[in-house]
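Reviewing the structure listed below.
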Amino acid sequence: MEQIKNYIESNKERFVTELVDLLKIPSISADTAFSQDVIETAKLVEKSLKEAGCTTTEICETKGYPVVYGEKIIDPKLPTVLVYGHYDVQPPDPMNLWDSPPFEPVIKKTELHPDGAIFARGACDDKGQMYMHVKAVEFMIKENVLPCNVKFMIEGEEEVGSDSLEDFLKENRDKLKNDVILISDTGMISNDVPSITTGLRGLSYVEVEVTGPNRDLHSGIYGGAVPNPINILAKMIASLHDENNRITIPGFYDKVEELSDADRALMAEAPFDLDAYKKALDIEDVYGEKGYSTAERYSIRPTLDVNGIWGGYTGEGAKTVIASKAYAKISMRLVPDQDPDEITQLFMDHFTKIAPKGVKVKVSPHHGGLPYVTPIDNIGYQAAAKAYETTFGKTAIPERGGGSIPIVALFEQILESKIILMGFGLDSDAIHSPNEHFGIWNYLKGIETIPYFYKYYTELAQG
Ligand code: BES
Ligand code: MN
Ligand code: MN
């Protein structure tokens, strides 16, 4: 595998150009106006798998956007790695906060990325990270060092909840059969402190609508005498946290796994610079559940956050009006052993119950996903740890992540294998935000590290 360094040196410009081409297509799965672009992206991903040396490639239709499949089977007796990633991206809004257009990638240096970073929607989440795998496999096939079988499964609906994927997994169990699933769709602590993600939070996402009077009213003629749905929604939302910032929905914490003191102490050993954290976000102080550290709050604790709230007059100037309706989108991040369907039901019951008599409340569930935690006493984790040791010269730290990849828990249930999350992005790469970017160093380091995972995994599997 040592020749990977040379291979990267001779091909790095091409690696960047190819990723730039992929980033130019606006594969926004949330917005049907871009459905043709999503499909074009699937085709380009398939082409890249073919060029990398996959012997079989296929665009698999689902009830939503297609899954791109590719494989290189060198010997059925050898282990099989299944690579998962997604080619869809989040909407770029708000557009005016981008320093350069989201689908016209540019390379710029930043403080954390002195070698330059590619700025574009999807650069890190997940086109850049997914493409590291395509290039790592290209290297192993072209240089005849692929030590085991590989399958790719790259989907186009991750950012909208992976709705079609459960059926796809159930219908394609044999095709997707594997020994370990490898994913780069998370982050690491920093370029000096590699980490391996050992958990993801689950998700329950709802939209609420509060209706007061049957039409918008003059806020002078009626103000003070009728239920204002925006005032009431704000009050209802505020009541969802208590003075210790704990969520007040009855039963919400019933199934939350409390970590042992020993596990919490271990977590506290991972480097975390609170001052740098605050400075990077320009906040005077952090905010969250009493009794837990910042790192715990964003990884092992469940949350409830309003993601958007609207209603009434939001245009220029002032309009004196009491709106008929108010809305909010609310996400709850879940931890083991919370169940998204149960939590959604608890939310609906509670939110309906706390509404004053003067308003009607409607709660509509969006997507959900199960939380996931993986143990580290398995050969998949060990292979990943050895790979980081080799290319970073440092021991990777196991770290629970705060984000969600809904399909991961289903992978374990349906395909019955372990999932290894080798992320190479940084929290500051601004995924889902304006000016998303991915460090060139990180991109190339991923391409360098991945082949070692294959090497060590195959060695460990063969005992
Ligand atoms: N790649 C992210 C998830 C992620 C990012 C996990 C960083 C850990 C660290 C993924 O694409 C994502 O954004 N997931 C969504 C969930 C989905 C249902 C929209 C999320 O976490 O909000
Ligand atoms: Mn992602
Ligand atoms: Mn995402």
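Chain labels A, B, ... are given in the sequence in which chains occur in the structure tokens; within each chain residues are numbered consecutively from 1, and ligands are likewise numbered from 1 in the order shown.
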Practice prompt. Could you tell me, as number ranges by chain, which residues of stretch 2-233 of chain A DSSP assigns to alpha helix (DSSP H) when given the backbone?
Written response: A: 4-23, 35-52, 127-142, 165-171, 229-233
Mind running stretch 86-157 of chain A against stretch 398-422 of chain A at 12 Å and telling me each contacting residue's nearest atom pair with the distance in Å (one decimal), counting only C-alpha atoms, chain and number ascending, as CSV?
residue,atom,partner,partner_atom,distance
A:His86,CA,A:Ile405,CA,10.3
A:Asp125,CA,A:Ile405,CA,11.5
A:Asp126,CA,A:Ile405,CA,11.5
A:Gln129,CA,A:Met422,CA,9.5
A:Met130,CA,A:Met422,CA,10.9
A:Met132,CA,A:Met422,CA,11.1
A:His133,CA,A:Met422,CA,10.7
A:Met153,CA,A:Phe411,CA,11.7
A:Ile154,CA,A:Ile407,CA,12.0
A:Glu155,CA,A:Ile407,CA,10.5
A:Glu157,CA,A:Ile407,CA,10.5
Discussion item. When you look at A:Asp263 with a cut-off of 12 Å (counting only C-alpha atoms), what residues show up, excluding the ones that are within fewer than 5 positions of it in the same chain? I need them as a list in words.
Written reply: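 Final neighbour list, sorted by chain and number: Glu257, Glu258, Ala268, Glu269, Ala270, Glu296, Ile300, Pro398, Glu399 and Arg400 of chain A.
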Keeping N, CA and C atoms, export the residues of the selection given above as a short mmCIF file (atom, residue, chain, number, x, y, z; two decimals), in the first residue's frame.
data_model
loop_
_atom_site.label_atom_id
_atom_site.label_comp_id
_atom_site.auth_asym_id
_atom_site.auth_seq_id
_atom_site.Cartn_x
_atom_site.Cartn_y
_atom_site.Cartn_z
N GLU A 257 -30.14 6.39 27.62
CA GLU A 257 -29.09 5.65 28.30
C GLU A 257 -28.15 6.64 28.99
N GLU A 258 -27.99 6.49 30.31
CA GLU A 258 -27.05 7.35 31.04
C GLU A 258 -25.68 6.69 30.99
N ALA A 268 -14.22 12.82 28.61
CA ALA A 268 -13.65 14.11 28.99
C ALA A 268 -12.17 14.20 28.65
N GLU A 269 -11.55 13.03 28.38
CA GLU A 269 -10.13 13.04 28.03
C GLU A 269 -9.88 13.52 26.60
N ALA A 270 -10.90 13.40 25.75
CA ALA A 270 -10.72 13.86 24.36
C ALA A 270 -10.49 15.36 24.38
N GLU A 296 -20.58 16.60 25.80
CA GLU A 296 -21.69 15.66 26.09
C GLU A 296 -23.00 16.18 25.50
N ILE A 300 -23.93 12.88 23.41
CA ILE A 300 -24.60 11.77 24.11
C ILE A 300 -25.92 12.18 24.74
N PRO A 398 -11.80 7.42 19.81
CA PRO A 398 -13.20 7.11 19.52
C PRO A 398 -14.08 8.26 20.00
N GLU A 399 -15.03 8.68 19.17
CA GLU A 399 -15.82 9.85 19.51
C GLU A 399 -17.26 9.69 19.05
N ARG A 400 -18.21 9.96 19.94
CA ARG A 400 -19.62 9.91 19.51
C ARG A 400 -19.98 11.20 18.80
#
Compile a residue-level contact table for stretch 335-392 of chain A against stretch 243-254 of chain A at a cut-off of 10 Å, reporting for every qualifying residue the shortest atom pair and its distance in Å to one decimal, with only C-alpha atoms counted, rows ordered by chain and ascending number, as a Markdown table.
| residue | atom | partner | partner_atom | distance |
| --- | --- | --- | --- | --- |
| A:Val335 | CA | A:Tyr253 | CA | 9.6 |
| A:Asp337 | CA | A:Asp254 | CA | 9.0 |
| A:Gln338 | CA | A:Tyr253 | CA | 8.0 |
| A:Glu342 | CA | A:Phe252 | CA | 9.1 |
| A:Ile343 | CA | A:Phe252 | CA | 6.7 |
| A:Thr344 | CA | A:Phe252 | CA | 9.8 |
| A:Leu346 | CA | A:Ile249 | CA | 7.0 |
| A:Phe347 | CA | A:Ile249 | CA | 6.5 |
| A:Met348 | CA | A:Ile249 | CA | 9.7 |
| A:Asp349 | CA | A:Ile249 | CA | 9.0 |
| A:His350 | CA | A:Ile249 | CA | 6.2 |
| A:Phe351 | CA | A:Ile249 | CA | 8.3 |
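Identified as lying at most 7 Å from ligand 3 when counting only C-alpha atoms and all ligand atoms are the residues Val89, Gln90, Asp125, Glu159, Ile431 and His432 of chain A.
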Item to complete: Could you please determine the separation between atom CA of A:Leu112 and atom CA of A:Glu18 in Å, to one decimal place?
Response: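 Value for the atom CA of A:Leu112-atom CA of A:Glu18 distance: 23.3 Å.
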Discussion item. As a list in words, please: every residue in stretch 275-355 of chain A that DSSP puts in strand (DSSP E).
Written reply: Thr303, Leu304, Asp305, Val306, Asn307, Gly308, Ile309, Trp310, Gly311, Val321, Ile322, Lys325, Ala326, Tyr327, Ala328, Lys329, Ile330, Ser331, Met332, Arg333 and Leu334 of chain A
Worksheet, complete the sentence: Judged by only C-alpha atoms, the minimum distance to A:Ile141 among A:Thr62, A:Pro451, A:Glu40, A:Thr211 is found for A:Pro451
Fill in: Counting only C-alpha atoms and all ligand atoms, the residue of A:Lys63, A:Lys5, A:Lys170, A:His367 that sits nearest ligand 1
A:His367
Discussion item. Just want the 12 Å neighbourhood of stretch 146-150 of chain A, counted on only C-alpha atoms, with same-chain residues fewer than 6 positions away dropped. Output as an MDAnalysis selection string.
Written reply: chainID A and resid 1 4 49 52:57 69:84 133:134 136:140 175:182 450:462
Item to complete: May I have the residues within 10 Å of stretch 441-444 of chain A as a list in words, using only C-alpha atoms and disregarding those fewer than 5 positions away in the same chain?
Response: Lys5, Ile8, Glu9, Lys12, Phe15, Val16, Leu19, His113, Pro114, Asp115, Gly116, Ala117, Ile118, Ala123, Cys124, Gly128, Gln129, Met130, Tyr131, Met132, Lys135, Ala136, Ser190, Asn191, Gly423, Phe424, Gly425, Leu426 and Thr449 of chain A
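Shortest separation to ligand 1 among A:Asp163, A:Glu158, A:Asp282, A:Asp174 occurs at residue A:Glu158, atoms counted being only C-alpha atoms and all ligand atoms.
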Worksheet item: Neighbours of A:Pro26 within 12 Å (only C-alpha atoms; same-chain residues fewer than 4 positions away dropped), as a count of residues only?
Response: 33
Worksheet entry | Which residue of A:Gly315, A:Gly439, A:Gly199, A:Gly380 approaches ligand 1 most closely, using only C-alpha atoms and all ligand atoms |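 Result for the nearest residue to ligand 1: A:Gly199.
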Discussion item. Measuring between only C-alpha atoms and all ligand atoms, which one of A:Tyr277, A:Tyr372, A:Trp310, A:Phe119 shows the shortest distance to ligand 1?
Written reply: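 That would be A:Tyr372, the residue with the smallest distance to ligand 1.
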